[in-house]
Amino acid sequence: MNHVIRPVRPDEWPRTRELRLDALRDPAAPVAFLETYEQAVEYPDAVWQERATGFSARHGTRSVQFVAEAADGGWSGSVAVLVEEAGREDFFGGAVERAQGHLVGVFVRPEHRGGRVIGELVGAALDWAWALEDPRLARVRLYVNDGNPRAAAAYRKLGFVATGGSVPMAGDPSAKELELAVERP
């Protein structure tokens with residue numbers, strides 16, 4: 001099935017909510033996302049509206065969420081990319097040493113996994129990141145749980161490499177989030 005990869009629009013917050021809740025119900029969610037379905041389902045509409053507005057391409061150059069829209073209008077997956085500026089703290093509390101992008105919220109519906117959707121979504125996110133001029137991003141990174149080898153393999157296939165960096169998984173000190181990155185071409 002062919003998909004159009006595009007940024008979300010602010011008025012699509014109900015659809016972004018639906019897709020995120022579906023992602024959080026996925027069996028891989030405990031090792032893929034930092035929030036739970038139980039947390040997210042309780043968010044008021046204003047939170048979802050703010051997320052959709054903040055991730056729309058119309059509202060700045062600090063973040064964007066791309067969706068894979070099928071020919072029937074359904075959303076098959078999404079990815080968001082955040083800009084992390086040098087000298088700031090990331091959401092894990094670490095220092096950001098150079099301007100970079102950070103992929104988050106990567107999700108592809110199970111029936112579309114193993115195909116081209118993940119590559120098209122990540123490709124759109126990377127194209128957007130490399131097109132930024134202020135700040136000019138040196139790399140794009142993501143974190144993958146060490147208990148999620150399928151996702152790690154998919155990211156390696158897309159050109160991401162392990163940096164050696166890691167952070168402990170929230171709520172499970174025996175697990176780690178491994179940093180993978182792709183440098184600016």
# chains A, B, ... in the order shown; residues from 1 in each chain; ligands from 1
call {"tool": "residues_around", "arguments": {"residues": "range 126-134 of chain A", "least_positions_apart": "3", "cutoff": "12 Å", "atoms": "only C-alpha atoms", "output": "PDB file with all heavy atoms, in the first residue's frame"}}
result
ATOM      1  N   ILE A   5       3.615  10.597   3.228  1.00  0.00           N
ATOM      2  CA  ILE A   5       4.258  10.958   4.489  1.00  0.00           C
ATOM      3  C   ILE A   5       4.155  12.473   4.598  1.00  0.00           C
ATOM      4  O   ILE A   5       4.619  13.195   3.717  1.00  0.00           O
ATOM      5  CB  ILE A   5       5.731  10.506   4.523  1.00  0.00           C
ATOM      6  CG1 ILE A   5       5.869   9.025   4.160  1.00  0.00           C
ATOM      7  CG2 ILE A   5       6.351  10.826   5.875  1.00  0.00           C
ATOM      8  CD1 ILE A   5       5.143   8.062   5.061  1.00  0.00           C
ATOM      9  N   ARG A   6       3.554  12.932   5.692  1.00  0.00           N
ATOM     10  CA  ARG A   6       3.321  14.368   5.842  1.00  0.00           C
ATOM     11  C   ARG A   6       3.278  14.749   7.319  1.00  0.00           C
ATOM     12  O   ARG A   6       3.028  13.905   8.176  1.00  0.00           O
ATOM     13  CB  ARG A   6       2.021  14.775   5.164  1.00  0.00           C
ATOM     14  CG  ARG A   6       0.798  14.129   5.800  1.00  0.00           C
ATOM     15  CD  ARG A   6      -0.497  14.714   5.259  1.00  0.00           C
ATOM     16  NE  ARG A   6      -1.669  14.145   5.893  1.00  0.00           N
ATOM     17  CZ  ARG A   6      -2.152  14.498   7.077  1.00  0.00           C
ATOM     18  NH1 ARG A   6      -1.543  15.416   7.793  1.00  0.00           N
ATOM     19  NH2 ARG A   6      -3.250  13.942   7.560  1.00  0.00           N
ATOM     20  N   PRO A   7       3.496  16.045   7.603  1.00  0.00           N
ATOM     21  CA  PRO A   7       3.382  16.509   8.986  1.00  0.00           C
ATOM     22  C   PRO A   7       1.920  16.526   9.436  1.00  0.00           C
ATOM     23  O   PRO A   7       1.011  16.720   8.621  1.00  0.00           O
ATOM     24  CB  PRO A   7       3.938  17.937   8.943  1.00  0.00           C
ATOM     25  CG  PRO A   7       4.652  18.067   7.650  1.00  0.00           C
ATOM     26  CD  PRO A   7       4.018  17.091   6.719  1.00  0.00           C
ATOM     27  N   ALA A  57       4.079  21.321  11.352  1.00  0.00           N
ATOM     28  CA  ALA A  57       5.150  22.054  10.672  1.00  0.00           C
ATOM     29  C   ALA A  57       4.872  23.550  10.620  1.00  0.00           C
ATOM     30  O   ALA A  57       5.788  24.340  10.443  1.00  0.00           O
ATOM     31  CB  ALA A  57       5.345  21.504   9.261  1.00  0.00           C
ATOM     32  N   GLY A  60       6.623  26.325  13.934  1.00  0.00           N
ATOM     33  CA  GLY A  60       7.997  26.448  14.392  1.00  0.00           C
ATOM     34  C   GLY A  60       8.932  25.429  13.793  1.00  0.00           C
ATOM     35  O   GLY A  60       8.565  24.608  12.965  1.00  0.00           O
ATOM     36  N   THR A  61      10.154  25.523  14.256  1.00  0.00           N
ATOM     37  CA  THR A  61      11.210  24.664  13.728  1.00  0.00           C
ATOM     38  C   THR A  61      11.888  23.888  14.845  1.00  0.00           C
ATOM     39  O   THR A  61      13.048  23.532  14.726  1.00  0.00           O
ATOM     40  CB  THR A  61      12.260  25.512  12.988  1.00  0.00           C
ATOM     41  OG1 THR A  61      12.786  26.481  13.903  1.00  0.00           O
ATOM     42  CG2 THR A  61      11.675  26.206  11.773  1.00  0.00           C
ATOM     43  N   ARG A  62      11.180  23.611  15.917  1.00  0.00           N
ATOM     44  CA  ARG A  62      11.772  22.888  17.033  1.00  0.00           C
ATOM     45  C   ARG A  62      11.298  21.445  17.132  1.00  0.00           C
ATOM     46  O   ARG A  62      11.891  20.643  17.829  1.00  0.00           O
ATOM     47  CB  ARG A  62      11.503  23.615  18.357  1.00  0.00           C
ATOM     48  CG  ARG A  62      12.165  24.975  18.431  1.00  0.00           C
ATOM     49  CD  ARG A  62      13.672  24.820  18.323  1.00  0.00           C
ATOM     50  NE  ARG A  62      14.350  26.097  18.274  1.00  0.00           N
ATOM     51  CZ  ARG A  62      15.129  26.479  17.274  1.00  0.00           C
ATOM     52  NH1 ARG A  62      15.327  25.721  16.237  1.00  0.00           N
ATOM     53  NH2 ARG A  62      15.742  27.641  17.307  1.00  0.00           N
ATOM     54  N   SER A  63      10.211  21.128  16.437  1.00  0.00           N
ATOM     55  CA  SER A  63       9.715  19.756  16.443  1.00  0.00           C
ATOM     56  C   SER A  63       8.692  19.586  15.333  1.00  0.00           C
ATOM     57  O   SER A  63       8.053  20.555  14.904  1.00  0.00           O
ATOM     58  CB  SER A  63       9.075  19.403  17.794  1.00  0.00           C
ATOM     59  OG  SER A  63       7.970  20.245  18.044  1.00  0.00           O
ATOM     60  N   VAL A  64       8.560  18.365  14.871  1.00  0.00           N
ATOM     61  CA  VAL A  64       7.540  18.035  13.879  1.00  0.00           C
ATOM     62  C   VAL A  64       7.218  16.553  14.011  1.00  0.00           C
ATOM     63  O   VAL A  64       8.079  15.746  14.371  1.00  0.00           O
ATOM     64  CB  VAL A  64       7.987  18.397  12.438  1.00  0.00           C
ATOM     65  CG1 VAL A  64       9.127  17.518  11.962  1.00  0.00           C
ATOM     66  CG2 VAL A  64       6.830  18.350  11.460  1.00  0.00           C
ATOM     67  N   GLN A  65       5.968  16.215  13.767  1.00  0.00           N
ATOM     68  CA  GLN A  65       5.534  14.813  13.746  1.00  0.00           C
ATOM     69  C   GLN A  65       5.058  14.500  12.339  1.00  0.00           C
ATOM     70  O   GLN A  65       4.223  15.215  11.779  1.00  0.00           O
ATOM     71  CB  GLN A  65       4.399  14.570  14.739  1.00  0.00           C
ATOM     72  CG  GLN A  65       3.904  13.125  14.728  1.00  0.00           C
ATOM     73  CD  GLN A  65       2.762  12.893  15.704  1.00  0.00           C
ATOM     74  OE1 GLN A  65       2.259  13.803  16.337  1.00  0.00           O
ATOM     75  NE2 GLN A  65       2.348  11.649  15.809  1.00  0.00           N
ATOM     76  N   PHE A  66       5.595  13.425  11.787  1.00  0.00           N
ATOM     77  CA  PHE A  66       5.175  12.947  10.475  1.00  0.00           C
ATOM     78  C   PHE A  66       4.279  11.739  10.648  1.00  0.00           C
ATOM     79  O   PHE A  66       4.499  10.913  11.537  1.00  0.00           O
ATOM     80  CB  PHE A  66       6.392  12.548   9.627  1.00  0.00           C
ATOM     81  CG  PHE A  66       7.228  13.724   9.207  1.00  0.00           C
ATOM     82  CD1 PHE A  66       8.323  14.115   9.950  1.00  0.00           C
ATOM     83  CD2 PHE A  66       6.902  14.445   8.075  1.00  0.00           C
ATOM     84  CE1 PHE A  66       9.091  15.200   9.577  1.00  0.00           C
ATOM     85  CE2 PHE A  66       7.663  15.542   7.683  1.00  0.00           C
ATOM     86  CZ  PHE A  66       8.763  15.920   8.441  1.00  0.00           C
ATOM     87  N   VAL A  79       6.241   9.309  13.379  1.00  0.00           N
ATOM     88  CA  VAL A  79       7.513   9.580  14.044  1.00  0.00           C
ATOM     89  C   VAL A  79       7.567  11.071  14.314  1.00  0.00           C
ATOM     90  O   VAL A  79       7.046  11.874  13.533  1.00  0.00           O
ATOM     91  CB  VAL A  79       8.726   9.143  13.186  1.00  0.00           C
ATOM     92  CG1 VAL A  79       8.794   9.900  11.871  1.00  0.00           C
ATOM     93  CG2 VAL A  79      10.033   9.312  13.951  1.00  0.00           C
ATOM     94  N   ALA A  80       8.166  11.443  15.432  1.00  0.00           N
ATOM     95  CA  ALA A  80       8.387  12.862  15.737  1.00  0.00           C
ATOM     96  C   ALA A  80       9.887  13.092  15.856  1.00  0.00           C
ATOM     97  O   ALA A  80      10.639  12.202  16.256  1.00  0.00           O
ATOM     98  CB  ALA A  80       7.685  13.254  17.035  1.00  0.00           C
ATOM     99  N   VAL A  81      10.300  14.277  15.485  1.00  0.00           N
ATOM    100  CA  VAL A  81      11.700  14.665  15.659  1.00  0.00           C
ATOM    101  C   VAL A  81      11.715  15.982  16.431  1.00  0.00           C
ATOM    102  O   VAL A  81      10.967  16.904  16.138  1.00  0.00           O
ATOM    103  CB  VAL A  81      12.463  14.754  14.310  1.00  0.00           C
ATOM    104  CG1 VAL A  81      11.840  15.747  13.364  1.00  0.00           C
ATOM    105  CG2 VAL A  81      13.932  15.052  14.511  1.00  0.00           C
ATOM    106  N   LEU A  82      12.551  16.009  17.463  1.00  0.00           N
ATOM    107  CA  LEU A  82      12.719  17.180  18.317  1.00  0.00           C
ATOM    108  C   LEU A  82      14.102  17.764  18.083  1.00  0.00           C
ATOM    109  O   LEU A  82      15.069  17.019  17.895  1.00  0.00           O
ATOM    110  CB  LEU A  82      12.618  16.782  19.799  1.00  0.00           C
ATOM    111  CG  LEU A  82      11.458  15.902  20.233  1.00  0.00           C
ATOM    112  CD1 LEU A  82      11.642  15.466  21.680  1.00  0.00           C
ATOM    113  CD2 LEU A  82      10.151  16.623  20.036  1.00  0.00           C
ATOM    114  N   VAL A  83      14.208  19.070  18.143  1.00  0.00           N
ATOM    115  CA  VAL A  83      15.513  19.719  18.055  1.00  0.00           C
ATOM    116  C   VAL A  83      16.048  19.871  19.479  1.00  0.00           C
ATOM    117  O   VAL A  83      15.360  20.373  20.363  1.00  0.00           O
ATOM    118  CB  VAL A  83      15.407  21.098  17.371  1.00  0.00           C
ATOM    119  CG1 VAL A  83      16.726  21.859  17.466  1.00  0.00           C
ATOM    120  CG2 VAL A  83      14.988  20.921  15.911  1.00  0.00           C
ATOM    121  N   GLU A  84      17.278  19.407  19.674  1.00  0.00           N
ATOM    122  CA  GLU A  84      17.979  19.576  20.950  1.00  0.00           C
ATOM    123  C   GLU A  84      19.148  20.527  20.695  1.00  0.00           C
ATOM    124  O   GLU A  84      20.037  20.213  19.901  1.00  0.00           O
ATOM    125  CB  GLU A  84      18.490  18.235  21.477  1.00  0.00           C
ATOM    126  CG  GLU A  84      17.373  17.271  21.798  1.00  0.00           C
ATOM    127  CD  GLU A  84      17.879  15.917  22.266  1.00  0.00           C
ATOM    128  OE1 GLU A  84      18.939  15.453  21.780  1.00  0.00           O
ATOM    129  OE2 GLU A  84      17.208  15.320  23.112  1.00  0.00           O
ATOM    130  N   GLU A  85      19.128  21.656  21.370  1.00  0.00           N
ATOM    131  CA  GLU A  85      20.159  22.660  21.143  1.00  0.00           C
ATOM    132  C   GLU A  85      21.360  22.439  22.052  1.00  0.00           C
ATOM    133  O   GLU A  85      21.214  22.029  23.202  1.00  0.00           O
ATOM    134  CB  GLU A  85      19.583  24.052  21.354  1.00  0.00           C
ATOM    135  CG  GLU A  85      18.525  24.368  20.305  1.00  0.00           C
ATOM    136  CD  GLU A  85      18.087  25.806  20.338  1.00  0.00           C
ATOM    137  OE1 GLU A  85      18.960  26.689  20.450  1.00  0.00           O
ATOM    138  OE2 GLU A  85      16.871  26.028  20.239  1.00  0.00           O
ATOM    139  N   ALA A  86      22.534  22.725  21.530  1.00  0.00           N
ATOM    140  CA  ALA A  86      23.771  22.590  22.296  1.00  0.00           C
ATOM    141  C   ALA A  86      23.697  23.450  23.553  1.00  0.00           C
ATOM    142  O   ALA A  86      23.165  24.553  23.540  1.00  0.00           O
ATOM    143  CB  ALA A  86      24.971  23.014  21.447  1.00  0.00           C
ATOM    144  N   ALA A  99      24.138  20.706  18.564  1.00  0.00           N
ATOM    145  CA  ALA A  99      22.773  20.732  18.053  1.00  0.00           C
ATOM    146  C   ALA A  99      22.485  19.423  17.326  1.00  0.00           C
ATOM    147  O   ALA A  99      23.271  18.966  16.490  1.00  0.00           O
ATOM    148  CB  ALA A  99      22.584  21.916  17.110  1.00  0.00           C
ATOM    149  N   GLN A 100      21.360  18.836  17.682  1.00  0.00           N
ATOM    150  CA  GLN A 100      21.023  17.534  17.110  1.00  0.00           C
ATOM    151  C   GLN A 100      19.507  17.356  17.092  1.00  0.00           C
ATOM    152  O   GLN A 100      18.782  18.040  17.795  1.00  0.00           O
ATOM    153  CB  GLN A 100      21.667  16.412  17.919  1.00  0.00           C
ATOM    154  CG  GLN A 100      21.210  16.365  19.369  1.00  0.00           C
ATOM    155  CD  GLN A 100      22.061  15.442  20.226  1.00  0.00           C
ATOM    156  OE1 GLN A 100      23.068  14.905  19.802  1.00  0.00           O
ATOM    157  NE2 GLN A 100      21.649  15.250  21.462  1.00  0.00           N
ATOM    158  N   GLY A 101      19.076  16.406  16.278  1.00  0.00           N
ATOM    159  CA  GLY A 101      17.683  16.001  16.291  1.00  0.00           C
ATOM    160  C   GLY A 101      17.538  14.767  17.155  1.00  0.00           C
ATOM    161  O   GLY A 101      18.512  14.042  17.409  1.00  0.00           O
ATOM    162  N   HIS A 102      16.329  14.543  17.637  1.00  0.00           N
ATOM    163  CA  HIS A 102      16.056  13.384  18.476  1.00  0.00           C
ATOM    164  C   HIS A 102      14.723  12.787  18.012  1.00  0.00           C
ATOM    165  O   HIS A 102      13.686  13.432  18.115  1.00  0.00           O
ATOM    166  CB  HIS A 102      15.978  13.811  19.932  1.00  0.00           C
ATOM    167  CG  HIS A 102      15.914  12.678  20.900  1.00  0.00           C
ATOM    168  ND1 HIS A 102      16.426  12.757  22.159  1.00  0.00           N
ATOM    169  CD2 HIS A 102      15.413  11.422  20.802  1.00  0.00           C
ATOM    170  CE1 HIS A 102      16.224  11.607  22.793  1.00  0.00           C
ATOM    171  NE2 HIS A 102      15.603  10.794  21.989  1.00  0.00           N
ATOM    172  N   LEU A 103      14.781  11.571  17.468  1.00  0.00           N
ATOM    173  CA  LEU A 103      13.562  10.885  17.043  1.00  0.00           C
ATOM    174  C   LEU A 103      12.873  10.283  18.254  1.00  0.00           C
ATOM    175  O   LEU A 103      13.509   9.612  19.067  1.00  0.00           O
ATOM    176  CB  LEU A 103      13.873   9.760  16.045  1.00  0.00           C
ATOM    177  CG  LEU A 103      14.415  10.152  14.685  1.00  0.00           C
ATOM    178  CD1 LEU A 103      14.529   8.914  13.800  1.00  0.00           C
ATOM    179  CD2 LEU A 103      13.579  11.205  14.016  1.00  0.00           C
ATOM    180  N   GLY A 119      10.948   3.235   6.989  1.00  0.00           N
ATOM    181  CA  GLY A 119      11.990   3.955   6.259  1.00  0.00           C
ATOM    182  C   GLY A 119      11.498   5.276   5.693  1.00  0.00           C
ATOM    183  O   GLY A 119      12.228   6.280   5.702  1.00  0.00           O
ATOM    184  N   GLU A 120      10.257   5.298   5.218  1.00  0.00           N
ATOM    185  CA  GLU A 120       9.698   6.533   4.678  1.00  0.00           C
ATOM    186  C   GLU A 120       9.481   7.565   5.787  1.00  0.00           C
ATOM    187  O   GLU A 120       9.749   8.752   5.601  1.00  0.00           O
ATOM    188  CB  GLU A 120       8.398   6.240   3.938  1.00  0.00           C
ATOM    189  CG  GLU A 120       8.624   5.455   2.656  1.00  0.00           C
ATOM    190  CD  GLU A 120       7.334   4.992   1.992  1.00  0.00           C
ATOM    191  OE1 GLU A 120       6.237   5.204   2.551  1.00  0.00           O
ATOM    192  OE2 GLU A 120       7.441   4.409   0.902  1.00  0.00           O
ATOM    193  N   LEU A 121       8.986   7.118   6.944  1.00  0.00           N
ATOM    194  CA  LEU A 121       8.788   8.034   8.064  1.00  0.00           C
ATOM    195  C   LEU A 121      10.117   8.605   8.551  1.00  0.00           C
ATOM    196  O   LEU A 121      10.266   9.824   8.715  1.00  0.00           O
ATOM    197  CB  LEU A 121       8.068   7.322   9.213  1.00  0.00           C
ATOM    198  CG  LEU A 121       6.574   7.100   9.035  1.00  0.00           C
ATOM    199  CD1 LEU A 121       6.068   6.081  10.051  1.00  0.00           C
ATOM    200  CD2 LEU A 121       5.812   8.414   9.158  1.00  0.00           C
ATOM    201  N   VAL A 122      11.075   7.738   8.804  1.00  0.00           N
ATOM    202  CA  VAL A 122      12.375   8.190   9.298  1.00  0.00           C
ATOM    203  C   VAL A 122      13.065   9.048   8.237  1.00  0.00           C
ATOM    204  O   VAL A 122      13.684  10.059   8.561  1.00  0.00           O
ATOM    205  CB  VAL A 122      13.243   6.999   9.746  1.00  0.00           C
ATOM    206  CG1 VAL A 122      14.680   7.430  10.038  1.00  0.00           C
ATOM    207  CG2 VAL A 122      12.622   6.340  10.977  1.00  0.00           C
ATOM    208  N   GLY A 123      12.923   8.675   6.969  1.00  0.00           N
ATOM    209  CA  GLY A 123      13.502   9.482   5.891  1.00  0.00           C
ATOM    210  C   GLY A 123      12.953  10.902   5.880  1.00  0.00           C
ATOM    211  O   GLY A 123      13.704  11.872   5.718  1.00  0.00           O
ATOM    212  N   LEU A 137      21.846  21.043  12.412  1.00  0.00           N
ATOM    213  CA  LEU A 137      21.988  19.832  13.221  1.00  0.00           C
ATOM    214  C   LEU A 137      23.160  18.983  12.753  1.00  0.00           C
ATOM    215  O   LEU A 137      23.334  18.732  11.568  1.00  0.00           O
ATOM    216  CB  LEU A 137      20.701  19.015  13.178  1.00  0.00           C
ATOM    217  CG  LEU A 137      19.434  19.762  13.594  1.00  0.00           C
ATOM    218  CD1 LEU A 137      18.238  18.814  13.603  1.00  0.00           C
ATOM    219  CD2 LEU A 137      19.601  20.439  14.946  1.00  0.00           C
ATOM    220  N   ALA A 138      23.970  18.545  13.699  1.00  0.00           N
ATOM    221  CA  ALA A 138      25.148  17.724  13.413  1.00  0.00           C
ATOM    222  C   ALA A 138      24.786  16.254  13.245  1.00  0.00           C
ATOM    223  O   ALA A 138      25.470  15.522  12.534  1.00  0.00           O
ATOM    224  CB  ALA A 138      26.177  17.874  14.531  1.00  0.00           C
ATOM    225  N   ARG A 139      23.714  15.837  13.921  1.00  0.00           N
ATOM    226  CA  ARG A 139      23.314  14.439  13.858  1.00  0.00           C
ATOM    227  C   ARG A 139      21.861  14.324  14.302  1.00  0.00           C
ATOM    228  O   ARG A 139      21.285  15.266  14.831  1.00  0.00           O
ATOM    229  CB  ARG A 139      24.198  13.553  14.734  1.00  0.00           C
ATOM    230  CG  ARG A 139      24.000  13.793  16.221  1.00  0.00           C
ATOM    231  CD  ARG A 139      24.894  12.924  17.077  1.00  0.00           C
ATOM    232  NE  ARG A 139      24.513  13.051  18.481  1.00  0.00           N
ATOM    233  CZ  ARG A 139      24.730  12.138  19.395  1.00  0.00           C
ATOM    234  NH1 ARG A 139      25.339  11.014  19.080  1.00  0.00           N
ATOM    235  NH2 ARG A 139      24.350  12.327  20.642  1.00  0.00           N
ATOM    236  N   VAL A 140      21.305  13.138  14.104  1.00  0.00           N
ATOM    237  CA  VAL A 140      19.989  12.793  14.633  1.00  0.00           C
ATOM    238  C   VAL A 140      20.170  11.505  15.412  1.00  0.00           C
ATOM    239  O   VAL A 140      20.810  10.557  14.944  1.00  0.00           O
ATOM    240  CB  VAL A 140      18.934  12.625  13.520  1.00  0.00           C
ATOM    241  CG1 VAL A 140      17.626  12.097  14.082  1.00  0.00           C
ATOM    242  CG2 VAL A 140      18.723  13.946  12.785  1.00  0.00           C
ATOM    243  N   ARG A 141      19.607  11.490  16.608  1.00  0.00           N
ATOM    244  CA  ARG A 141      19.744  10.320  17.464  1.00  0.00           C
ATOM    245  C   ARG A 141      18.374   9.807  17.883  1.00  0.00           C
ATOM    246  O   ARG A 141      17.355  10.466  17.693  1.00  0.00           O
ATOM    247  CB  ARG A 141      20.575  10.644  18.697  1.00  0.00           C
ATOM    248  CG  ARG A 141      19.855  11.552  19.679  1.00  0.00           C
ATOM    249  CD  ARG A 141      20.688  11.750  20.912  1.00  0.00           C
ATOM    250  NE  ARG A 141      20.031  12.639  21.859  1.00  0.00           N
ATOM    251  CZ  ARG A 141      20.400  12.754  23.102  1.00  0.00           C
ATOM    252  NH1 ARG A 141      21.426  12.061  23.565  1.00  0.00           N
ATOM    253  NH2 ARG A 141      19.774  13.583  23.922  1.00  0.00           N
ATOM    254  N   LEU A 142      18.418   8.645  18.486  1.00  0.00           N
ATOM    255  CA  LEU A 142      17.239   8.051  19.106  1.00  0.00           C
ATOM    256  C   LEU A 142      17.732   7.103  20.173  1.00  0.00           C
ATOM    257  O   LEU A 142      18.925   6.776  20.241  1.00  0.00           O
ATOM    258  CB  LEU A 142      16.363   7.327  18.069  1.00  0.00           C
ATOM    259  CG  LEU A 142      17.016   6.204  17.237  1.00  0.00           C
ATOM    260  CD1 LEU A 142      17.048   4.882  17.971  1.00  0.00           C
ATOM    261  CD2 LEU A 142      16.267   6.053  15.937  1.00  0.00           C
ATOM    262  N   LEU A 158      18.433   1.430   8.690  1.00  0.00           N
ATOM    263  CA  LEU A 158      18.214   2.791   8.187  1.00  0.00           C
ATOM    264  C   LEU A 158      19.446   3.684   8.347  1.00  0.00           C
ATOM    265  O   LEU A 158      19.395   4.866   8.057  1.00  0.00           O
ATOM    266  CB  LEU A 158      17.016   3.421   8.895  1.00  0.00           C
ATOM    267  CG  LEU A 158      15.676   2.738   8.624  1.00  0.00           C
ATOM    268  CD1 LEU A 158      14.587   3.320   9.520  1.00  0.00           C
ATOM    269  CD2 LEU A 158      15.292   2.861   7.151  1.00  0.00           C
ATOM    270  N   GLY A 159      20.556   3.110   8.812  1.00  0.00           N
ATOM    271  CA  GLY A 159      21.810   3.855   8.897  1.00  0.00           C
ATOM    272  C   GLY A 159      22.212   4.340  10.271  1.00  0.00           C
ATOM    273  O   GLY A 159      23.260   4.959  10.423  1.00  0.00           O
ATOM    274  N   PHE A 160      21.409   4.065  11.291  1.00  0.00           N
ATOM    275  CA  PHE A 160      21.770   4.468  12.643  1.00  0.00           C
ATOM    276  C   PHE A 160      22.808   3.496  13.205  1.00  0.00           C
ATOM    277  O   PHE A 160      22.740   2.301  12.943  1.00  0.00           O
ATOM    278  CB  PHE A 160      20.530   4.482  13.549  1.00  0.00           C
ATOM    279  CG  PHE A 160      19.612   5.638  13.281  1.00  0.00           C
ATOM    280  CD1 PHE A 160      18.713   5.603  12.220  1.00  0.00           C
ATOM    281  CD2 PHE A 160      19.654   6.766  14.079  1.00  0.00           C
ATOM    282  CE1 PHE A 160      17.866   6.671  11.964  1.00  0.00           C
ATOM    283  CE2 PHE A 160      18.820   7.837  13.837  1.00  0.00           C
ATOM    284  CZ  PHE A 160      17.919   7.788  12.768  1.00  0.00           C
ATOM    285  N   ALA A 181      22.663   6.780  16.503  1.00  0.00           N
ATOM    286  CA  ALA A 181      22.665   8.078  15.817  1.00  0.00           C
ATOM    287  C   ALA A 181      23.095   7.922  14.369  1.00  0.00           C
ATOM    288  O   ALA A 181      23.755   6.947  13.999  1.00  0.00           O
ATOM    289  CB  ALA A 181      23.590   9.055  16.535  1.00  0.00           C
ATOM    290  N   VAL A 182      22.709   8.889  13.593  1.00  0.00           N
ATOM    291  CA  VAL A 182      23.187   9.018  12.220  1.00  0.00           C
ATOM    292  C   VAL A 182      23.738  10.437  12.091  1.00  0.00           C
ATOM    293  O   VAL A 182      23.110  11.394  12.541  1.00  0.00           O
ATOM    294  CB  VAL A 182      22.074   8.711  11.175  1.00  0.00           C
ATOM    295  CG1 VAL A 182      20.894   9.642  11.313  1.00  0.00           C
ATOM    296  CG2 VAL A 182      22.604   8.723   9.767  1.00  0.00           C
ATOM    297  N   GLU A 183      24.941  10.544  11.555  1.00  0.00           N
ATOM    298  CA  GLU A 183      25.590  11.840  11.395  1.00  0.00           C
ATOM    299  C   GLU A 183      25.059  12.540  10.157  1.00  0.00           C
ATOM    300  O   GLU A 183      24.608  11.903   9.209  1.00  0.00           O
ATOM    301  CB  GLU A 183      27.110  11.662  11.288  1.00  0.00           C
ATOM    302  CG  GLU A 183      27.754  11.027  12.510  1.00  0.00           C
ATOM    303  CD  GLU A 183      27.719  11.906  13.748  1.00  0.00           C
ATOM    304  OE1 GLU A 183      27.881  13.138  13.632  1.00  0.00           O
ATOM    305  OE2 GLU A 183      27.522  11.363  14.852  1.00  0.00           O
ATOM    306  N   ARG A 184      25.169  13.856  10.156  1.00  0.00           N
ATOM    307  CA  ARG A 184      24.773  14.645   8.992  1.00  0.00           C
ATOM    308  C   ARG A 184      25.532  14.132   7.766  1.00  0.00           C
ATOM    309  O   ARG A 184      26.738  13.908   7.837  1.00  0.00           O
ATOM    310  CB  ARG A 184      25.105  16.133   9.222  1.00  0.00           C
ATOM    311  CG  ARG A 184      24.855  16.997   8.000  1.00  0.00           C
ATOM    312  CD  ARG A 184      25.171  18.445   8.269  1.00  0.00           C
ATOM    313  NE  ARG A 184      24.085  19.085   8.975  1.00  0.00           N
ATOM    314  CZ  ARG A 184      22.948  19.480   8.411  1.00  0.00           C
ATOM    315  NH1 ARG A 184      22.744  19.276   7.128  1.00  0.00           N
ATOM    316  NH2 ARG A 184      22.007  20.067   9.136  1.00  0.00           N
ATOM    317  N   PRO A 185      24.825  13.935   6.673  1.00  0.00           N
ATOM    318  CA  PRO A 185      25.522  13.445   5.457  1.00  0.00           C
ATOM    319  C   PRO A 185      26.516  14.455   4.902  1.00  0.00           C
ATOM    320  O   PRO A 185      26.439  15.617   5.135  1.00  0.00           O
ATOM    321  CB  PRO A 185      24.382  13.182   4.465  1.00  0.00           C
ATOM    322  CG  PRO A 185      23.137  13.720   5.063  1.00  0.00           C
ATOM    323  CD  PRO A 185      23.414  14.120   6.467  1.00  0.00           C
TER     324      PRO A 185
END
call {"tool": "select_by_dssp", "arguments": {"residues": "range 21-118 of chain A", "states": "helix (DSSP H, G or I)", "output": "PyMOL selection string"}}
result
chain A and resi 21-25+29-32+37-40+45-54+57-59+110-112+117-118
call {"tool": "select_by_dssp", "arguments": {"residues": "range 4-140 of chain A", "states": "strand (DSSP E)", "output": "PyMOL selection string"}}
result
chain A and resi 4-7+63-70+75-84+100-108+139-140
call {"tool": "closest_residue", "arguments": {"among": "A:Thr163, A:Ser174, A:Asn145, A:Ser76", "to": "Ala32 in chain A", "atoms": "only C-alpha atoms"}}
result
A:Asn145
call {"tool": "atom_distance", "arguments": {"atom1": "CA of Lys176 in chain A", "atom2": "CA of Ala23 in chain A"}}
result
20.5 Å
call {"tool": "decode", "arguments": {"residues": "range 31-36 of chain A", "atoms": "N, CA and C atoms", "output": "short mmCIF file (atom, residue, chain, number, x, y, z; two decimals), in the first residue's frame"}}
result
data_model
loop_
_atom_site.label_atom_id
_atom_site.label_comp_id
_atom_site.auth_asym_id
_atom_site.auth_seq_id
_atom_site.Cartn_x
_atom_site.Cartn_y
_atom_site.Cartn_z
N VAL A 31 8.66 -1.53 26.22
CA VAL A 31 10.08 -1.31 25.93
C VAL A 31 10.29 -0.28 24.83
N ALA A 32 9.20 0.29 24.33
CA ALA A 32 9.33 1.25 23.24
C ALA A 32 9.02 2.69 23.64
N PHE A 33 8.21 2.88 24.65
CA PHE A 33 7.76 4.22 25.00
C PHE A 33 7.96 4.51 26.48
N LEU A 34 8.12 5.79 26.79
CA LEU A 34 8.37 6.20 28.17
C LEU A 34 7.10 6.54 28.93
N GLU A 35 5.95 6.52 28.25
CA GLU A 35 4.68 6.71 28.95
C GLU A 35 3.83 5.47 28.72
N THR A 36 2.83 5.31 29.57
CA THR A 36 1.95 4.15 29.46
C THR A 36 0.59 4.56 28.93
#
